[in-house]
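Written below as structure tokens is the structure these notes are about.
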Amino acid sequence: MKHWRETGAIFDRLARVAETGRHAALATVVGIDGSAYRRPGAKFLVEENGDTTGSVSGGCLESDVRAYALEAIKTGKSRLLRYETGSDEETVWGMGLGCEGTVEVFVQRAGAELLRDAGGAARSLCAQDVRFGLGTFLAGPHEGRTLAVARGKIQGGFDPGGDALAVASRRIESEDTGIEKMGDSRLFVEVLDPPPHLYIFGAGDDARPLATLALQAGFEVTVVDHRPAYLTAERFPAPARLLLRRPEDGVAGLGLSRRHSAVVQTHALVHDKTWLEALFKEPVGYLGLLGPRVRREQILQKIGVPAPERLYAPVGLDVAPDGAEQVAVSIVAEMLAVRAGRPPMHLRDKAGGIHDR
């Protein structure tokens with residue numbers, strides 16, 4: 001989820017750096033084994049003046065990766081870094097880790113060539129609602145070069161020929177980010193899916209922290225309300241989208257699908273009922289209703305249908321939230337769990353790695 005917006009932001013930043021004639025290097029997580037803070041595809045842009053964008057860990061690797069990135073800017077040579085964060089006691093304590101995992105980070109020089117290869121296409125694709133892939137050669141004759149693939153075609157200015165397009169297209173189709181060996185070459189393909197979209201029906205004060213936190217978590221957010229005074233950029237800054245619509249107008253034209261989530265929190269029974277009645281007919285993957293169980297039962301009785309499985313009411317996880325900010329945390333955490341298909345649990349009770357299914 002976060003990789004989509006992060007990728008767009010990093011290539012936007014790279015374009016601005018290149019316009020000034022400065023140089024940069026891009027570090028990308030290309031493999032993990034065991035526990036790791038970021039998933040493959042996480043990116044970290046390092047400029048020659050030391051400024052950075054993005055991250056490849058929770059802060060424990062960035063200083064070391066930054067040093068290698070600055071070296072890559074000077075030499076133009078790419079490098080694959082491997083961090084063992086579990087068994088080597090000296091390495092663990094020397095870097096302040098102890099994560100019991102392995103992280104591979106590929107560092108490549110980034111500038112006008114990368115923008116021509118794939119960066120421009122990535123920026124354009126991030127503005128669209130289409131899945132695409134970035135393939136970076138980790139070894140072989142094209143080491144350090146990146147191609148962009150979408151709709152079964154090369155989208156950037158770099159076409160390495162051979163099996164690269166077929167390999168990338170296959171991984172994009174199967175949503176399988178990872179490394180593939182092709183003769184003397186190794187190609188890392190990152191699959192980027194458009195972020196899920198959250199519709200918040202009701203623009204009251206408690207919708208503001210929910211919109212903010214959902215955006216930070218990687219959701220696209222649209223706030224819907226019938227009161228123009230509530231739908232302002234001061235209350236809901238961009239990139240949140242604001243939609244003026246009355247409940248009786250329904251949700252026609254919004255293009256709702258399984259990728260969409262919706263939370264109804266108008267604080268008015270009649271409006272909640274009207275929005276829910278319309279949303280029950282749509283295939284949204286997650287539907288939340290703010291308020292106690294008695295409110296849910298009153299609304300369902302008025303609608304005259306049983307609660308669908310995808311209705312989460314009361315909305316949110318049981319973390320004893322107090323106040324709008326904590327309620328927002330419980331809702332976003334529940335949406336992430338539902339999207340991942342995982343029951344909420346304490347990580348300390350989970351066997352295996354944090355990201356293992």
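To be explicit about the labels: the chains of the structure tokens are called A, B, and onward in the order shown, and within each one the residues are counted from 1, while ligands get numbers from 1 in the order they are shown.
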
Can you list, as JSON, numbers by chain, every protein, DNA or RNA residue that comes within 7 Å of stretch 62-75 of chain A when you count only C-alpha atoms, leaving out same-chain residues fewer than 3 positions away? {"A": [23, 24, 25, 46, 48, 55, 56, 57, 59, 78, 107, 108, 109]}

For stretch 245-249 of chain A, please output as a list in words all residues within 9 Å (counting only C-alpha atoms; exclusion window: fewer than 3 positions along the same chain). Phe201, Val224, Asp225, His226, Arg227, Ala252, His271, Asp272, Lys273, Thr274, Trp275 and Ala278 of chain A

Using C-alpha atoms, can you write the selected residues to a file as a PDB file, in the first residue's frame?
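Here's the written file out18.pdb:
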ATOM      1  CA  PHE A 201     -19.431   9.283   4.913  1.00  0.00           C
ATOM      2  CA  VAL A 224     -18.445  12.684   1.631  1.00  0.00           C
ATOM      3  CA  ASP A 225     -20.922  15.082   3.221  1.00  0.00           C
ATOM      4  CA  HIS A 226     -23.928  17.214   2.307  1.00  0.00           C
ATOM      5  CA  ARG A 227     -22.676  20.267   4.241  1.00  0.00           C
ATOM      6  CA  ALA A 252     -23.991   5.820  -8.036  1.00  0.00           C
ATOM      7  CA  HIS A 271     -28.375   9.671   7.267  1.00  0.00           C
ATOM      8  CA  ASP A 272     -26.521   6.570   8.489  1.00  0.00           C
ATOM      9  CA  LYS A 273     -29.461   4.421   7.405  1.00  0.00           C
ATOM     10  CA  THR A 274     -29.623   5.996   3.949  1.00  0.00           C
ATOM     11  CA  TRP A 275     -25.889   5.631   3.303  1.00  0.00           C
ATOM     12  CA  ALA A 278     -26.994   2.273  -0.607  1.00  0.00           C
TER      13      ALA A 278
END

Would you list, as a ChimeraX atom specification, the residues of stretch 235-326 of chain A that end up in helix (DSSP H, G or I) under DSSP run on this structure's backbone? /A:247-249,269-279,293-303,324-326

Taking 3 positions as the minimum chain separation for residues in the same chain, which residues sit within 8 Å of A:Leu81 when counting only C-alpha atoms? Answer as a short mmCIF file (atom, residue, chain, number, x, y, z; two decimals) with N, CA and C atoms, in the first residue's frame.
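Heads up, here's the output in selection_10.cif:
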data_model
loop_
_atom_site.label_atom_id
_atom_site.label_comp_id
_atom_site.auth_asym_id
_atom_site.auth_seq_id
_atom_site.Cartn_x
_atom_site.Cartn_y
_atom_site.Cartn_z
N GLU A 104 18.16 -7.61 2.05
CA GLU A 104 19.00 -7.28 0.91
C GLU A 104 18.55 -5.95 0.32
N VAL A 105 19.50 -5.05 0.13
CA VAL A 105 19.22 -3.71 -0.38
C VAL A 105 20.09 -3.45 -1.60
N PHE A 106 19.47 -3.08 -2.70
CA PHE A 106 20.21 -2.78 -3.92
C PHE A 106 20.35 -1.28 -4.06
N VAL A 107 21.58 -0.80 -4.26
CA VAL A 107 21.87 0.62 -4.38
C VAL A 107 22.32 0.90 -5.81
#

Nearest to A:Val103: which of A:Gly41, A:Gly162, A:Pro292, A:Pro283 is it, counting only C-alpha atoms?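 Smallest separation from A:Val103 among the options: A:Gly41.
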
Quick check for you: according to DSSP on this backbone, which residues of stretch 88-269 of chain A are classed as strand (DSSP E or B)? Reply as a PDB file with C-alpha atoms, in the first residue's frame.
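In the end it all went to states-v1.pdb:
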ATOM      1  CA  GLY A 101      16.311 -11.684   9.711  1.00  0.00           C
ATOM      2  CA  THR A 102      18.163 -10.888   6.509  1.00  0.00           C
ATOM      3  CA  VAL A 103      17.602  -7.793   4.409  1.00  0.00           C
ATOM      4  CA  GLU A 104      18.999  -7.284   0.906  1.00  0.00           C
ATOM      5  CA  VAL A 105      19.216  -3.709  -0.375  1.00  0.00           C
ATOM      6  CA  PHE A 106      20.215  -2.781  -3.921  1.00  0.00           C
ATOM      7  CA  VAL A 107      21.866   0.619  -4.384  1.00  0.00           C
ATOM      8  CA  GLN A 108      22.003   2.177  -7.859  1.00  0.00           C
ATOM      9  CA  ARG A 109      22.974   5.580  -9.138  1.00  0.00           C
ATOM     10  CA  ALA A 110      19.839   7.592  -9.937  1.00  0.00           C
ATOM     11  CA  PHE A 132       2.336  -1.856 -12.958  1.00  0.00           C
ATOM     12  CA  GLY A 133       5.784  -3.219 -12.288  1.00  0.00           C
ATOM     13  CA  LEU A 134       9.332  -1.935 -11.960  1.00  0.00           C
ATOM     14  CA  GLY A 135      12.067  -4.367 -12.959  1.00  0.00           C
ATOM     15  CA  THR A 136      15.611  -3.618 -11.791  1.00  0.00           C
ATOM     16  CA  PHE A 137      18.611  -5.640 -12.937  1.00  0.00           C
ATOM     17  CA  LEU A 138      20.705  -6.657  -9.915  1.00  0.00           C
ATOM     18  CA  ALA A 139      23.341  -8.429 -12.009  1.00  0.00           C
ATOM     19  CA  THR A 146      15.297  -0.275 -14.452  1.00  0.00           C
ATOM     20  CA  LEU A 147      12.328  -0.846 -16.755  1.00  0.00           C
ATOM     21  CA  ALA A 148       8.651  -0.066 -16.228  1.00  0.00           C
ATOM     22  CA  VAL A 149       5.952  -2.483 -17.405  1.00  0.00           C
ATOM     23  CA  ALA A 150       2.177  -2.070 -17.535  1.00  0.00           C
ATOM     24  CA  LYS A 153       4.129  -3.455 -22.552  1.00  0.00           C
ATOM     25  CA  ILE A 154       7.357  -1.605 -21.727  1.00  0.00           C
ATOM     26  CA  GLY A 178      10.560 -10.943  -6.159  1.00  0.00           C
ATOM     27  CA  ILE A 179      13.833 -11.826  -7.910  1.00  0.00           C
ATOM     28  CA  GLU A 180      14.136 -13.983 -11.007  1.00  0.00           C
ATOM     29  CA  LYS A 181      17.288 -15.349 -12.615  1.00  0.00           C
ATOM     30  CA  MET A 182      17.570 -15.013 -16.386  1.00  0.00           C
ATOM     31  CA  SER A 185      21.097 -11.641 -15.185  1.00  0.00           C
ATOM     32  CA  ARG A 186      19.033 -11.291 -12.014  1.00  0.00           C
ATOM     33  CA  LEU A 187      15.895  -9.187 -12.278  1.00  0.00           C
ATOM     34  CA  PHE A 188      14.017  -7.832  -9.263  1.00  0.00           C
ATOM     35  CA  VAL A 189      10.395  -7.125 -10.165  1.00  0.00           C
ATOM     36  CA  GLU A 190       8.313  -5.006  -7.830  1.00  0.00           C
ATOM     37  CA  VAL A 191       4.567  -5.177  -8.406  1.00  0.00           C
ATOM     38  CA  LEU A 192       2.762  -1.957  -7.530  1.00  0.00           C
ATOM     39  CA  HIS A 197      -9.661   3.709  -1.368  1.00  0.00           C
ATOM     40  CA  LEU A 198     -11.525   4.699   1.789  1.00  0.00           C
ATOM     41  CA  TYR A 199     -14.787   6.622   1.610  1.00  0.00           C
ATOM     42  CA  ILE A 200     -15.746   8.369   4.833  1.00  0.00           C
ATOM     43  CA  PHE A 201     -19.431   9.283   4.913  1.00  0.00           C
ATOM     44  CA  GLU A 220      -6.643   7.081  -0.877  1.00  0.00           C
ATOM     45  CA  VAL A 221      -9.340   8.975   1.024  1.00  0.00           C
ATOM     46  CA  THR A 222     -12.579  10.648  -0.038  1.00  0.00           C
ATOM     47  CA  VAL A 223     -14.747  12.446   2.508  1.00  0.00           C
ATOM     48  CA  VAL A 224     -18.445  12.684   1.631  1.00  0.00           C
ATOM     49  CA  ASP A 225     -20.922  15.082   3.221  1.00  0.00           C
ATOM     50  CA  ARG A 241     -10.685  14.331  -1.786  1.00  0.00           C
ATOM     51  CA  LEU A 242     -13.895  16.111  -0.852  1.00  0.00           C
ATOM     52  CA  LEU A 243     -17.270  15.149  -2.306  1.00  0.00           C
ATOM     53  CA  LEU A 244     -20.436  17.165  -1.737  1.00  0.00           C
ATOM     54  CA  HIS A 260     -12.877   0.059  -1.572  1.00  0.00           C
ATOM     55  CA  SER A 261     -13.617   0.516   2.110  1.00  0.00           C
ATOM     56  CA  ALA A 262     -16.351   2.693   3.559  1.00  0.00           C
ATOM     57  CA  VAL A 263     -16.991   4.054   7.037  1.00  0.00           C
ATOM     58  CA  VAL A 264     -20.330   5.661   7.857  1.00  0.00           C
TER      59      VAL A 264
END

Ranking A:Glu173, A:Asp206, A:Glu19, A:Asp33 by minimum distance to A:Glu325 and counting only C-alpha atoms, which one comes first? A:Asp206

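Candidate residues A:Leu125, A:Arg16, A:Arg170, A:Gly54 were compared for distance to A:Ala112, and the nearest is A:Arg16, using only C-alpha atoms.
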
So how far away is atom CA of A:Pro196 from atom CA of A:Gly156, in Å? 25.1 Å

Please, what distance in Å, to one decimal, runs between atom CA of A:Leu14 and atom CA of A:Phe236?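 Distance reported for this atom pair: 27.8 Å.
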
Quick one: distance from atom CA of A:Arg5 to atom CA of A:Ala118 in Å, one decimal?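 Interatomic distance, atom CA of A:Arg5 to atom CA of A:Ala118: 16.0 Å.
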
Find the residues around A:Lys302 up to 12 Å (only C-alpha atoms counted), leave out those fewer than 4 positions away in its own chain, and share them as a PyMOL selection string. chain A and resi 269-270+272-274+276-277+295-298+306-307

Residue selection dump (C-alpha atoms) as a short mmCIF file (atom, residue, chain, number, x, y, z; two decimals), in the first residue's frame:
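Just written: selection-v1.cif:
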data_model
loop_
_atom_site.label_atom_id
_atom_site.label_comp_id
_atom_site.auth_asym_id
_atom_site.auth_seq_id
_atom_site.Cartn_x
_atom_site.Cartn_y
_atom_site.Cartn_z
CA LEU A 269 -29.59 7.90 12.34
CA VAL A 270 -31.54 8.81 9.21
CA ASP A 272 -26.52 6.57 8.49
CA LYS A 273 -29.46 4.42 7.41
CA THR A 274 -29.62 6.00 3.95
CA LEU A 276 -25.81 2.05 4.59
CA GLU A 277 -28.82 1.08 2.51
CA ARG A 295 -27.53 1.91 16.84
CA ARG A 296 -26.65 -0.87 14.40
CA GLU A 297 -29.74 -2.87 15.34
CA GLN A 298 -32.00 0.18 14.97
CA PRO A 306 -29.70 -8.89 8.24
CA ALA A 307 -26.17 -7.56 8.74
#

So that I can check the surroundings of stretch 343-345 of chain A, please list as a PyMOL selection string every protein, DNA and RNA residue that reaches within 9 Å of it, counting only C-alpha atoms and ignoring chain neighbours fewer than 5 positions away. chain A and resi 317+333-334+337-338+350

Resulting file, chosen residues, C-alpha atoms, as an mmCIF file, in the first residue's frame:
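out_21.cif written:
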data_model
loop_
_atom_site.group_PDB
_atom_site.id
_atom_site.type_symbol
_atom_site.label_atom_id
_atom_site.label_comp_id
_atom_site.auth_asym_id
_atom_site.auth_seq_id
_atom_site.Cartn_x
_atom_site.Cartn_y
_atom_site.Cartn_z
ATOM 1 C CA LEU A 317 -10.787 -3.071 17.070
ATOM 2 C CA ALA A 333 -5.955 -1.165 12.228
ATOM 3 C CA GLU A 334 -9.149 -3.146 11.581
ATOM 4 C CA ALA A 337 -6.307 -6.610 9.179
ATOM 5 C CA VAL A 338 -9.357 -7.229 6.998
ATOM 6 C CA LYS A 350 2.599 -15.323 16.381
#
